[in-house]
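Asker: Next up is a structure, given as structure tokens.
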Amino acid sequence: MVRRAKGEGGGPGRAGVRGARRPEVRLPPLDPYRGGGLEPDGDYDGLEFRDEDLSGQDGGGARFMDCALRGCALDETRLPDARILDSVLTGLRGVGTDLAESTLRDVELVDARLGGVQLHGAVLERVLVRGGKIDYLNLRKARLRDVVFEGCVLVEPDFGGARLERVEFVDCVLKGADLSGVTLSDVDLRKAAELDLARGVDRLAGAVISPAQLLDLAPVLAAEMGVRVAAAE
């Protein structure tokens, strides 16, 4: 079950940008997961997965509803087309997790340590990513609405061709981000701890940045416009 904080997000801020609506997940009493391995198109409702090694398992098309995954290993775990709803994911770790074209709605992802996560074509709605570090996150052609990245480190995230609406980066480090072909609407980058764009600086329309960030991006913006910057002789 999900409760949303009253009056939080959704309205225009001082810069005219609409804030993201955060999930506030209230889980019911959970039953422990009894093992046996994930199954394609499996249905998991009201379960707690604690310190489970799900590496290499195939849960393609599975549905997780009102679940908690805590400290689980997801190396090469296959979860394409999965639906993760009204759930809390804490301390996940793994490399090469496949969540392509999955749906995450009303989800909190906390303190994850992941690499090469495949979320291309996925749909994320009311998702909070707080803490942790994710390397080479693939969000190409994904749709993100009401998503907050808070206090986390994203190394070379790929947003190519994605659509971002009401997305916030709060105390978040973005290193080598690829915004090629992205479409932004009410994307707030002002509170990002570090903003480093490898590609797609020309796609920042629809985002709001701080004056300091504008100065930091000035060389990249000048290069994109073909402007040469040189001191007067």
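As shown in the structure tokens, the chain order sets the letters A, B, ...; within each chain, residues go from 1, and ligands are also counted from 1 in the order they appear.
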Quick one: everything within 8 Å of Gln57 (chain A), counting only C-alpha atoms, minus sequence neighbours fewer than 5 positions away in the same chain. Send it as a PyMOL selection string.
Answerer: chain A and resi 37-39+76-78
Asker: Using N, CA, C and O atoms, can you export the residues from the last selection as a PDB file, in the first residue's frame?
Answerer:
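The resulting part24.pdb:
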```pdb
ATOM      1  N   GLY A  37      13.714 -20.177  -6.035  1.00  0.00           N
ATOM      2  CA  GLY A  37      14.132 -19.532  -7.277  1.00  0.00           C
ATOM      3  C   GLY A  37      13.009 -18.743  -7.934  1.00  0.00           C
ATOM      4  O   GLY A  37      11.826 -19.073  -7.792  1.00  0.00           O
ATOM      5  N   LEU A  38      13.411 -17.708  -8.642  1.00  0.00           N
ATOM      6  CA  LEU A  38      12.440 -16.906  -9.381  1.00  0.00           C
ATOM      7  C   LEU A  38      11.921 -17.692 -10.581  1.00  0.00           C
ATOM      8  O   LEU A  38      12.614 -18.559 -11.124  1.00  0.00           O
ATOM      9  N   GLU A  39      10.706 -17.378 -10.988  1.00  0.00           N
ATOM     10  CA  GLU A  39      10.102 -18.037 -12.134  1.00  0.00           C
ATOM     11  C   GLU A  39       9.638 -16.991 -13.138  1.00  0.00           C
ATOM     12  O   GLU A  39       9.132 -15.939 -12.745  1.00  0.00           O
ATOM     13  N   GLU A  76      23.557 -10.668 -13.006  1.00  0.00           N
ATOM     14  CA  GLU A  76      23.028 -11.307 -14.220  1.00  0.00           C
ATOM     15  C   GLU A  76      21.610 -11.846 -14.030  1.00  0.00           C
ATOM     16  O   GLU A  76      21.174 -12.742 -14.767  1.00  0.00           O
ATOM     17  N   THR A  77      20.881 -11.313 -13.082  1.00  0.00           N
ATOM     18  CA  THR A  77      19.481 -11.724 -12.892  1.00  0.00           C
ATOM     19  C   THR A  77      18.633 -11.168 -14.029  1.00  0.00           C
ATOM     20  O   THR A  77      18.747  -9.995 -14.384  1.00  0.00           O
ATOM     21  N   ARG A  78      17.777 -11.995 -14.599  1.00  0.00           N
ATOM     22  CA  ARG A  78      16.930 -11.593 -15.725  1.00  0.00           C
ATOM     23  C   ARG A  78      15.533 -11.265 -15.228  1.00  0.00           C
ATOM     24  O   ARG A  78      14.813 -12.137 -14.735  1.00  0.00           O
TER      25      ARG A  78
END
```
Asker: Per residue of region 99-215 of chain A within 7 Å of region 17-22 of chain A, record the nearest atom pair and its distance in Å to one decimal, counting only C-alpha atoms, with rows in chain order and ascending residue number, as a tab-separated table.
Answerer:
```
residue	atom	partner	partner_atom	distance
A:Arg126	CA	A:Arg22	CA	5.5
A:Val127	CA	A:Arg22	CA	6.6
A:Leu128	CA	A:Arg22	CA	6.5
A:Asp146	CA	A:Ala20	CA	4.3
A:Val147	CA	A:Ala20	CA	6.2
A:Val148	CA	A:Ala20	CA	6.8
A:Arg166	CA	A:Ala20	CA	4.8
A:Val167	CA	A:Ala20	CA	5.8
A:Glu168	CA	A:Ala20	CA	6.6
A:Asp186	CA	A:Val17	CA	5.0
```
Asker: Write a file of the selected residues as a PDB file, in the first residue's frame, keeping all heavy atoms.
Answerer:
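Printed below is part-v4.pdb as written:
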```pdb
ATOM      1  N   ARG A 126       6.904   7.592  -9.984  1.00  0.00           N
ATOM      2  CA  ARG A 126       6.983   7.763  -8.533  1.00  0.00           C
ATOM      3  C   ARG A 126       8.017   6.793  -7.956  1.00  0.00           C
ATOM      4  O   ARG A 126       7.692   5.858  -7.210  1.00  0.00           O
ATOM      5  CB  ARG A 126       5.608   7.591  -7.879  1.00  0.00           C
ATOM      6  CG  ARG A 126       4.629   8.695  -8.250  1.00  0.00           C
ATOM      7  CD  ARG A 126       3.319   8.595  -7.488  1.00  0.00           C
ATOM      8  NE  ARG A 126       2.654   7.319  -7.694  1.00  0.00           N
ATOM      9  CZ  ARG A 126       1.846   7.055  -8.712  1.00  0.00           C
ATOM     10  NH1 ARG A 126       1.612   7.965  -9.644  1.00  0.00           N
ATOM     11  NH2 ARG A 126       1.281   5.859  -8.814  1.00  0.00           N
ATOM     12  N   VAL A 127       9.270   7.059  -8.307  1.00  0.00           N
ATOM     13  CA  VAL A 127      10.395   6.229  -7.864  1.00  0.00           C
ATOM     14  C   VAL A 127      11.409   7.125  -7.161  1.00  0.00           C
ATOM     15  O   VAL A 127      11.735   8.213  -7.654  1.00  0.00           O
ATOM     16  CB  VAL A 127      11.057   5.502  -9.048  1.00  0.00           C
ATOM     17  CG1 VAL A 127      12.330   4.788  -8.606  1.00  0.00           C
ATOM     18  CG2 VAL A 127      10.089   4.503  -9.681  1.00  0.00           C
ATOM     19  N   LEU A 128      11.902   6.683  -6.024  1.00  0.00           N
ATOM     20  CA  LEU A 128      12.959   7.367  -5.296  1.00  0.00           C
ATOM     21  C   LEU A 128      14.200   6.482  -5.294  1.00  0.00           C
ATOM     22  O   LEU A 128      14.144   5.337  -4.835  1.00  0.00           O
ATOM     23  CB  LEU A 128      12.522   7.649  -3.849  1.00  0.00           C
ATOM     24  CG  LEU A 128      13.613   8.161  -2.898  1.00  0.00           C
ATOM     25  CD1 LEU A 128      14.142   9.518  -3.360  1.00  0.00           C
ATOM     26  CD2 LEU A 128      13.082   8.241  -1.468  1.00  0.00           C
ATOM     27  N   ASP A 146       8.028  11.665 -12.270  1.00  0.00           N
ATOM     28  CA  ASP A 146       8.046  11.763 -10.808  1.00  0.00           C
ATOM     29  C   ASP A 146       9.104  10.828 -10.233  1.00  0.00           C
ATOM     30  O   ASP A 146       8.810   9.915  -9.449  1.00  0.00           O
ATOM     31  CB  ASP A 146       6.666  11.445 -10.217  1.00  0.00           C
ATOM     32  CG  ASP A 146       5.627  12.488 -10.596  1.00  0.00           C
ATOM     33  OD1 ASP A 146       5.938  13.692 -10.491  1.00  0.00           O
ATOM     34  OD2 ASP A 146       4.520  12.106 -11.013  1.00  0.00           O
ATOM     35  N   VAL A 147      10.350  11.064 -10.644  1.00  0.00           N
ATOM     36  CA  VAL A 147      11.488  10.265 -10.187  1.00  0.00           C
ATOM     37  C   VAL A 147      12.484  11.196  -9.503  1.00  0.00           C
ATOM     38  O   VAL A 147      12.776  12.288 -10.005  1.00  0.00           O
ATOM     39  CB  VAL A 147      12.159   9.519 -11.359  1.00  0.00           C
ATOM     40  CG1 VAL A 147      13.415   8.774 -10.881  1.00  0.00           C
ATOM     41  CG2 VAL A 147      11.174   8.548 -12.001  1.00  0.00           C
ATOM     42  N   VAL A 148      13.004  10.782  -8.346  1.00  0.00           N
ATOM     43  CA  VAL A 148      13.987  11.565  -7.603  1.00  0.00           C
ATOM     44  C   VAL A 148      15.244  10.720  -7.400  1.00  0.00           C
ATOM     45  O   VAL A 148      15.172   9.597  -6.895  1.00  0.00           O
ATOM     46  CB  VAL A 148      13.437  12.009  -6.237  1.00  0.00           C
ATOM     47  CG1 VAL A 148      14.501  12.794  -5.460  1.00  0.00           C
ATOM     48  CG2 VAL A 148      12.178  12.859  -6.404  1.00  0.00           C
ATOM     49  N   ARG A 166       9.195  15.754 -14.613  1.00  0.00           N
ATOM     50  CA  ARG A 166       9.234  15.944 -13.166  1.00  0.00           C
ATOM     51  C   ARG A 166      10.247  14.993 -12.535  1.00  0.00           C
ATOM     52  O   ARG A 166       9.912  14.106 -11.747  1.00  0.00           O
ATOM     53  CB  ARG A 166       7.850  15.757 -12.545  1.00  0.00           C
ATOM     54  CG  ARG A 166       6.850  16.821 -12.964  1.00  0.00           C
ATOM     55  CD  ARG A 166       5.587  16.817 -12.106  1.00  0.00           C
ATOM     56  NE  ARG A 166       4.892  15.551 -12.128  1.00  0.00           N
ATOM     57  CZ  ARG A 166       3.945  15.229 -13.006  1.00  0.00           C
ATOM     58  NH1 ARG A 166       3.601  16.087 -13.962  1.00  0.00           N
ATOM     59  NH2 ARG A 166       3.350  14.054 -12.945  1.00  0.00           N
ATOM     60  N   VAL A 167      11.511  15.213 -12.892  1.00  0.00           N
ATOM     61  CA  VAL A 167      12.622  14.411 -12.364  1.00  0.00           C
ATOM     62  C   VAL A 167      13.568  15.352 -11.632  1.00  0.00           C
ATOM     63  O   VAL A 167      13.900  16.423 -12.138  1.00  0.00           O
ATOM     64  CB  VAL A 167      13.353  13.656 -13.489  1.00  0.00           C
ATOM     65  CG1 VAL A 167      14.571  12.912 -12.936  1.00  0.00           C
ATOM     66  CG2 VAL A 167      12.403  12.673 -14.173  1.00  0.00           C
ATOM     67  N   GLU A 168      13.993  14.970 -10.442  1.00  0.00           N
ATOM     68  CA  GLU A 168      14.880  15.794  -9.629  1.00  0.00           C
ATOM     69  C   GLU A 168      16.170  15.043  -9.306  1.00  0.00           C
ATOM     70  O   GLU A 168      16.144  13.829  -9.062  1.00  0.00           O
ATOM     71  CB  GLU A 168      14.191  16.184  -8.315  1.00  0.00           C
ATOM     72  CG  GLU A 168      12.923  17.005  -8.479  1.00  0.00           C
ATOM     73  CD  GLU A 168      12.274  17.323  -7.140  1.00  0.00           C
ATOM     74  OE1 GLU A 168      12.973  17.244  -6.098  1.00  0.00           O
ATOM     75  OE2 GLU A 168      11.073  17.643  -7.119  1.00  0.00           O
ATOM     76  N   ASP A 186      10.311  19.791 -16.887  1.00  0.00           N
ATOM     77  CA  ASP A 186      10.364  19.997 -15.437  1.00  0.00           C
ATOM     78  C   ASP A 186      11.405  19.105 -14.781  1.00  0.00           C
ATOM     79  O   ASP A 186      11.134  18.398 -13.806  1.00  0.00           O
ATOM     80  CB  ASP A 186       8.994  19.759 -14.807  1.00  0.00           C
ATOM     81  CG  ASP A 186       7.966  20.802 -15.229  1.00  0.00           C
ATOM     82  OD1 ASP A 186       8.253  21.998 -15.072  1.00  0.00           O
ATOM     83  OD2 ASP A 186       6.904  20.412 -15.734  1.00  0.00           O
TER      84      ASP A 186
END
```
Asker: Give me the residues within 12 Å of Pro28 (chain A) as a list in words, counting only C-alpha atoms and dropping any in the same chain fewer than 4 places off.
Answerer: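 That gives Met1, Val2, Asp45, Gly46, Leu47, Glu48, Met65, Asp66, Cys67, Ala68, Asp86, Ser87 and Val88 of chain A.
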Asker: Going by DSSP on the backbone, which bits of region 55-180 of chain A are strand (DSSP E)? Write them as a PyMOL selection string, please.
Answerer: chain A and resi 63-65+68-70+83-90+93-95+103-115+123-135+143-150+153-155+163-170+173-178
Asker: Can you build me a table of region 151-181 of chain A residues sitting at most 7 Å from region 194-198 of chain A, with the closest atom pair per residue and its distance in Å to one decimal, using only C-alpha atoms, sorted by chain and residue number, as CSV?
Answerer:
```
residue,atom,partner,partner_atom,distance
A:Cys172,CA,A:Glu194,CA,6.8
A:Val173,CA,A:Glu194,CA,4.6
A:Leu174,CA,A:Leu195,CA,5.2
A:Lys175,CA,A:Asp196,CA,5.0
A:Gly176,CA,A:Ala198,CA,4.6
A:Ala177,CA,A:Leu197,CA,4.7
A:Asp178,CA,A:Ala198,CA,5.6
```
Asker: Give me a file of those residues, with N, CA and C atoms, as an mmCIF file, in the first residue's frame.
Answerer:
```cif
data_model
loop_
_atom_site.group_PDB
_atom_site.id
_atom_site.type_symbol
_atom_site.label_atom_id
_atom_site.label_comp_id
_atom_site.auth_asym_id
_atom_site.auth_seq_id
_atom_site.Cartn_x
_atom_site.Cartn_y
_atom_site.Cartn_z
ATOM 1 N N CYS A 172 23.030 14.615 -5.785
ATOM 2 C CA CYS A 172 23.363 13.445 -6.598
ATOM 3 C C CYS A 172 24.549 13.784 -7.502
ATOM 4 N N VAL A 173 25.457 12.858 -7.660
ATOM 5 C CA VAL A 173 26.611 13.042 -8.540
ATOM 6 C C VAL A 173 26.329 12.374 -9.878
ATOM 7 N N LEU A 174 26.403 13.157 -10.952
ATOM 8 C CA LEU A 174 26.262 12.629 -12.311
ATOM 9 C C LEU A 174 27.609 12.771 -13.009
ATOM 10 N N LYS A 175 28.210 11.651 -13.359
ATOM 11 C CA LYS A 175 29.502 11.652 -14.014
ATOM 12 C C LYS A 175 29.365 11.093 -15.428
ATOM 13 N N GLY A 176 29.702 11.912 -16.434
ATOM 14 C CA GLY A 176 29.683 11.440 -17.814
ATOM 15 C C GLY A 176 28.311 11.054 -18.301
ATOM 16 N N ALA A 177 27.283 11.808 -17.925
ATOM 17 C CA ALA A 177 25.907 11.474 -18.318
ATOM 18 C C ALA A 177 25.700 11.713 -19.807
ATOM 19 N N ASP A 178 24.945 10.827 -20.442
ATOM 20 C CA ASP A 178 24.615 10.927 -21.869
ATOM 21 C C ASP A 178 23.143 11.313 -21.994
#
```
Asker: What lies within 12 Å of Leu179 (chain A) using only C-alpha atoms, ignoring chain neighbours under 4 positions off, as an NGL selection string?
Answerer: :A and (138-141 or 156-164 or 174-175 or 183-184 or 195-205 or 207)
Asker: Give me a file of those residues, with N, CA and C atoms, as a compact mmCIF listing (two decimals), in the first residue's frame.
Answerer:
```txt
# COMPACT_ATOMS: atom_id res chain seq x y z
N ASN A 138 21.68 1.97 -17.82
CA ASN A 138 21.13 2.10 -19.18
C ASN A 138 19.64 2.40 -19.11
N LEU A 139 19.30 3.66 -19.36
CA LEU A 139 17.90 4.11 -19.37
C LEU A 139 17.50 4.59 -20.77
N ARG A 140 18.14 4.06 -21.79
CA ARG A 140 17.82 4.51 -23.15
C ARG A 140 16.35 4.25 -23.46
N LYS A 141 15.70 5.28 -24.00
CA LYS A 141 14.30 5.22 -24.43
C LYS A 141 13.35 4.84 -23.29
N GLU A 156 28.38 7.46 -15.60
CA GLU A 156 28.07 7.29 -17.02
C GLU A 156 26.66 6.74 -17.25
N PRO A 157 25.66 7.37 -16.66
CA PRO A 157 24.28 6.95 -16.95
C PRO A 157 23.91 7.33 -18.38
N ASP A 158 23.16 6.47 -19.04
CA ASP A 158 22.77 6.68 -20.43
C ASP A 158 21.27 6.92 -20.50
N PHE A 159 20.89 8.18 -20.74
CA PHE A 159 19.49 8.56 -20.87
C PHE A 159 19.10 8.74 -22.34
N GLY A 160 19.88 8.23 -23.25
CA GLY A 160 19.66 8.47 -24.68
C GLY A 160 18.25 8.17 -25.13
N GLY A 161 17.59 9.16 -25.73
CA GLY A 161 16.25 8.96 -26.26
C GLY A 161 15.17 8.81 -25.23
N ALA A 162 15.50 9.01 -23.94
CA ALA A 162 14.51 8.85 -22.87
C ALA A 162 13.65 10.10 -22.74
N ARG A 163 12.52 9.95 -22.05
CA ARG A 163 11.63 11.06 -21.74
C ARG A 163 11.58 11.22 -20.22
N LEU A 164 11.96 12.39 -19.73
CA LEU A 164 11.99 12.66 -18.30
C LEU A 164 11.02 13.79 -17.98
N LEU A 174 26.40 13.16 -10.95
CA LEU A 174 26.26 12.63 -12.31
C LEU A 174 27.61 12.77 -13.01
N LYS A 175 28.21 11.65 -13.36
CA LYS A 175 29.50 11.65 -14.01
C LYS A 175 29.37 11.09 -15.43
N THR A 183 14.30 13.95 -24.04
CA THR A 183 13.26 14.97 -23.95
C THR A 183 13.01 15.25 -22.49
N LEU A 184 13.18 16.53 -22.08
CA LEU A 184 13.07 16.90 -20.68
C LEU A 184 11.89 17.83 -20.46
N LEU A 195 27.54 17.86 -11.80
CA LEU A 195 26.84 17.71 -13.06
C LEU A 195 27.86 17.69 -14.19
N ASP A 196 28.12 16.49 -14.70
CA ASP A 196 29.11 16.29 -15.77
C ASP A 196 28.42 15.61 -16.93
N LEU A 197 28.27 16.33 -18.03
CA LEU A 197 27.57 15.80 -19.20
C LEU A 197 28.58 15.43 -20.28
N ALA A 198 28.55 14.16 -20.70
CA ALA A 198 29.44 13.71 -21.77
C ALA A 198 28.87 14.05 -23.14
N ARG A 199 27.56 13.92 -23.27
CA ARG A 199 26.88 14.19 -24.53
C ARG A 199 25.48 14.72 -24.25
N GLY A 200 24.94 15.46 -25.23
CA GLY A 200 23.56 15.89 -25.14
C GLY A 200 23.33 17.20 -24.44
N VAL A 201 24.38 18.03 -24.32
CA VAL A 201 24.18 19.33 -23.67
C VAL A 201 23.17 20.18 -24.44
N ASP A 202 23.02 19.90 -25.73
CA ASP A 202 22.05 20.64 -26.55
C ASP A 202 20.61 20.22 -26.25
N ARG A 203 20.41 19.22 -25.38
CA ARG A 203 19.07 18.71 -25.08
C ARG A 203 18.58 19.16 -23.71
N LEU A 204 19.19 20.22 -23.16
CA LEU A 204 18.83 20.66 -21.82
C LEU A 204 17.56 21.49 -21.77
N ALA A 205 16.94 21.78 -22.90
CA ALA A 205 15.67 22.48 -22.88
C ALA A 205 14.66 21.68 -22.06
N ALA A 207 14.91 21.69 -18.73
CA ALA A 207 15.56 21.51 -17.44
C ALA A 207 15.85 22.87 -16.82
```
Asker: Determine the nearest neighbour of Ala62 (chain A) from the options A:Thr103, A:Ser185, A:Gln213, A:Gln118, counting only C-alpha atoms.
Answerer: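 Selected residue with least distance to Ala62 (chain A): A:Thr103.
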Asker: What lies within 8 Å of Ile209 (chain A) using only C-alpha atoms, ignoring chain neighbours under 6 positions off, as a ChimeraX atom specification?
Answerer: /A:188-190
Asker: Pull all heavy atoms from the residues just selected and write them as a PDB file, in the first residue's frame.
Answerer:
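Everything below was put into selection-v8.pdb:
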```pdb
ATOM      1  N   ASP A 188      14.778  19.107 -12.701  1.00  0.00           N
ATOM      2  CA  ASP A 188      15.485  20.024 -11.802  1.00  0.00           C
ATOM      3  C   ASP A 188      16.872  19.475 -11.483  1.00  0.00           C
ATOM      4  O   ASP A 188      17.009  18.466 -10.785  1.00  0.00           O
ATOM      5  CB  ASP A 188      14.672  20.210 -10.520  1.00  0.00           C
ATOM      6  CG  ASP A 188      15.125  21.434  -9.731  1.00  0.00           C
ATOM      7  OD1 ASP A 188      16.256  21.902  -9.959  1.00  0.00           O
ATOM      8  OD2 ASP A 188      14.340  21.915  -8.895  1.00  0.00           O
ATOM      9  N   LEU A 189      17.876  20.166 -12.011  1.00  0.00           N
ATOM     10  CA  LEU A 189      19.272  19.758 -11.799  1.00  0.00           C
ATOM     11  C   LEU A 189      19.998  20.680 -10.819  1.00  0.00           C
ATOM     12  O   LEU A 189      21.178  20.488 -10.550  1.00  0.00           O
ATOM     13  CB  LEU A 189      20.019  19.767 -13.136  1.00  0.00           C
ATOM     14  CG  LEU A 189      19.593  18.705 -14.158  1.00  0.00           C
ATOM     15  CD1 LEU A 189      20.001  19.122 -15.562  1.00  0.00           C
ATOM     16  CD2 LEU A 189      20.200  17.355 -13.813  1.00  0.00           C
ATOM     17  N   ARG A 190      19.303  21.662 -10.280  1.00  0.00           N
ATOM     18  CA  ARG A 190      19.971  22.707  -9.490  1.00  0.00           C
ATOM     19  C   ARG A 190      20.675  22.177  -8.254  1.00  0.00           C
ATOM     20  O   ARG A 190      21.702  22.725  -7.838  1.00  0.00           O
ATOM     21  CB  ARG A 190      18.956  23.770  -9.073  1.00  0.00           C
ATOM     22  CG  ARG A 190      18.428  24.623 -10.214  1.00  0.00           C
ATOM     23  CD  ARG A 190      17.294  25.506  -9.750  1.00  0.00           C
ATOM     24  NE  ARG A 190      16.121  24.713  -9.354  1.00  0.00           N
ATOM     25  CZ  ARG A 190      15.015  25.247  -8.844  1.00  0.00           C
ATOM     26  NH1 ARG A 190      14.954  26.559  -8.648  1.00  0.00           N
ATOM     27  NH2 ARG A 190      13.995  24.476  -8.523  1.00  0.00           N
TER      28      ARG A 190
END
```
Asker: Nearest to Leu144 (chain A) among A:Asp51, A:Asp106, A:Glu125, A:Asp58, with distances taken over only C-alpha atoms: which residue is it?
Answerer: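 Checking each of A:Asp51, A:Asp106, A:Glu125, A:Asp58 against Leu144 (chain A), counting only C-alpha atoms, the winner is A:Glu125.
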Asker: What lies within 10 Å of Asp98 (chain A) using only C-alpha atoms, ignoring chain neighbours under 3 positions off, as number ranges by chain?
Answerer: A: 58-60, 74-82, 95, 101-102, 116-120, 138
Asker: Keeping only C-alpha atoms, write the selected residues to a file as a PDB file, in the first residue's frame.
Answerer:
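What follows is the written file selection-v9.pdb:
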```
ATOM      1  CA  ASP A  58      15.096 -15.774 -14.681  1.00  0.00           C
ATOM      2  CA  GLY A  59      12.083 -13.822 -13.465  1.00  0.00           C
ATOM      3  CA  GLY A  60      11.127 -12.288 -16.791  1.00  0.00           C
ATOM      4  CA  LEU A  74      21.235  -9.693  -8.547  1.00  0.00           C
ATOM      5  CA  ASP A  75      24.264 -10.535 -10.689  1.00  0.00           C
ATOM      6  CA  GLU A  76      23.028 -11.307 -14.220  1.00  0.00           C
ATOM      7  CA  THR A  77      19.481 -11.724 -12.892  1.00  0.00           C
ATOM      8  CA  ARG A  78      16.930 -11.593 -15.725  1.00  0.00           C
ATOM      9  CA  LEU A  79      13.841  -9.513 -14.987  1.00  0.00           C
ATOM     10  CA  PRO A  80      12.794  -8.084 -18.365  1.00  0.00           C
ATOM     11  CA  ASP A  81       9.171  -6.918 -18.548  1.00  0.00           C
ATOM     12  CA  ALA A  82       8.877  -7.300 -14.775  1.00  0.00           C
ATOM     13  CA  VAL A  95      26.297  -6.516 -12.124  1.00  0.00           C
ATOM     14  CA  GLU A 101      11.129  -2.721 -20.519  1.00  0.00           C
ATOM     15  CA  SER A 102      10.094  -3.288 -16.916  1.00  0.00           C
ATOM     16  CA  GLY A 116      25.459  -2.257 -15.920  1.00  0.00           C
ATOM     17  CA  VAL A 117      21.770  -2.304 -15.018  1.00  0.00           C
ATOM     18  CA  GLN A 118      19.609  -2.602 -18.135  1.00  0.00           C
ATOM     19  CA  LEU A 119      16.506  -0.428 -17.820  1.00  0.00           C
ATOM     20  CA  HIS A 120      16.189   0.535 -21.463  1.00  0.00           C
ATOM     21  CA  ASN A 138      21.132   2.097 -19.178  1.00  0.00           C
TER      22      ASN A 138
END
```
Asker: Please, what distance in Å, to one decimal, runs between CA of Pro32 (chain A) and CA of Leu114 (chain A)?
Answerer: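 According to the coordinates, CA of Pro32 (chain A) and CA of Leu114 (chain A) are separated by 23.9 Å.
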Asker: If we count only C-alpha atoms, what is near Asp171 (chain A) at a cut-off of 10 Å, once residues fewer than 6 positions away on the same chain are taken out, given as a list in words?
Answerer: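 Once the adjacent positions are removed, what remains is Arg130, Gly131, Phe149, Glu150, Gly151, Cys152, Val153, Leu189, Arg190, Lys191, Ala192, Ala193 and Glu194 of chain A.
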Asker: Only C-alpha atoms, please: the residues just picked out, written as an mmCIF file, in the first residue's frame.
Answerer:
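See out_11.cif below for the written result:
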```
data_model
loop_
_atom_site.group_PDB
_atom_site.id
_atom_site.type_symbol
_atom_site.label_atom_id
_atom_site.label_comp_id
_atom_site.auth_asym_id
_atom_site.auth_seq_id
_atom_site.Cartn_x
_atom_site.Cartn_y
_atom_site.Cartn_z
ATOM 1 C CA ARG A 130 18.395 7.263 -2.557
ATOM 2 C CA GLY A 131 22.040 6.642 -1.703
ATOM 3 C CA PHE A 149 17.688 10.672 -7.522
ATOM 4 C CA GLU A 150 18.900 11.662 -4.055
ATOM 5 C CA GLY A 151 22.344 11.358 -2.514
ATOM 6 C CA CYS A 152 23.471 8.735 -5.017
ATOM 7 C CA VAL A 153 26.331 8.458 -7.507
ATOM 8 C CA LEU A 189 19.272 19.758 -11.799
ATOM 9 C CA ARG A 190 19.971 22.707 -9.490
ATOM 10 C CA LYS A 191 20.713 20.624 -6.391
ATOM 11 C CA ALA A 192 22.964 18.076 -8.112
ATOM 12 C CA ALA A 193 26.246 17.792 -6.220
ATOM 13 C CA GLU A 194 28.104 17.302 -9.523
#
```
Asker: For CA of Asp43 (chain A) and CA of Leu99 (chain A), quote the distance in Å rounded to one decimal.
Answerer: 16.2 Å
Asker: Find, counting only C-alpha atoms, the residue in A:Leu89, A:Tyr33, A:Leu109, A:Arg83 that gets nearest to Ala122 (chain A).
Answerer: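 Once distances to Ala122 (chain A) are computed over only C-alpha atoms, the minimum belongs to A:Arg83.
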Asker: If DSSP is run on the backbone, what residues of region 134-218 of chain A are alpha helix (DSSP H)? A reply as a list in words would be ideal.
Answerer: Pro211, Ala212, Gln213, Leu214, Leu215, Asp216, Leu217 and Ala218 of chain A
Asker: Restrict the selected residues to all heavy atoms and save them as a compact mmCIF listing (two decimals), in the first residue's frame.
Answerer:
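Full text of result.txt as output:
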```
# COMPACT_ATOMS: atom_id res chain seq x y z
N PRO A 211 22.93 29.05 -11.56
CA PRO A 211 23.93 29.91 -12.20
C PRO A 211 25.34 29.30 -12.16
O PRO A 211 26.09 29.41 -13.14
CB PRO A 211 23.85 31.20 -11.38
CG PRO A 211 22.45 31.22 -10.85
CD PRO A 211 22.12 29.79 -10.56
N ALA A 212 25.70 28.65 -11.05
CA ALA A 212 27.03 28.04 -10.96
C ALA A 212 27.18 26.90 -11.97
O ALA A 212 28.24 26.75 -12.60
CB ALA A 212 27.27 27.52 -9.54
N GLN A 213 26.13 26.13 -12.14
CA GLN A 213 26.18 25.05 -13.13
C GLN A 213 26.30 25.60 -14.54
O GLN A 213 26.98 25.01 -15.40
CB GLN A 213 24.94 24.16 -13.00
CG GLN A 213 24.92 23.31 -11.75
CD GLN A 213 23.58 22.64 -11.51
OE1 GLN A 213 22.55 23.14 -11.95
NE2 GLN A 213 23.59 21.52 -10.81
N LEU A 214 25.64 26.71 -14.81
CA LEU A 214 25.74 27.33 -16.12
C LEU A 214 27.19 27.72 -16.42
O LEU A 214 27.69 27.50 -17.54
CB LEU A 214 24.84 28.56 -16.20
CG LEU A 214 24.91 29.36 -17.50
CD1 LEU A 214 24.53 28.49 -18.70
CD2 LEU A 214 24.01 30.59 -17.42
N LEU A 215 27.88 28.26 -15.43
CA LEU A 215 29.28 28.62 -15.62
C LEU A 215 30.13 27.37 -15.87
O LEU A 215 31.02 27.37 -16.72
CB LEU A 215 29.81 29.38 -14.40
CG LEU A 215 29.23 30.78 -14.18
CD1 LEU A 215 29.76 31.37 -12.88
CD2 LEU A 215 29.55 31.70 -15.36
N ASP A 216 29.85 26.31 -15.12
CA ASP A 216 30.61 25.07 -15.31
C ASP A 216 30.38 24.48 -16.70
O ASP A 216 31.29 23.88 -17.29
CB ASP A 216 30.21 24.04 -14.25
CG ASP A 216 30.67 24.42 -12.85
OD1 ASP A 216 31.61 25.24 -12.75
OD2 ASP A 216 30.09 23.91 -11.88
N LEU A 217 29.17 24.64 -17.22
CA LEU A 217 28.83 24.06 -18.52
C LEU A 217 29.18 24.98 -19.69
O LEU A 217 29.07 24.56 -20.85
CB LEU A 217 27.33 23.74 -18.58
CG LEU A 217 26.84 22.59 -17.69
CD1 LEU A 217 25.31 22.52 -17.71
CD2 LEU A 217 27.42 21.26 -18.16
N ALA A 218 29.62 26.19 -19.38
CA ALA A 218 29.88 27.16 -20.45
C ALA A 218 30.84 26.64 -21.52
O ALA A 218 30.57 26.80 -22.72
CB ALA A 218 30.40 28.47 -19.85
```
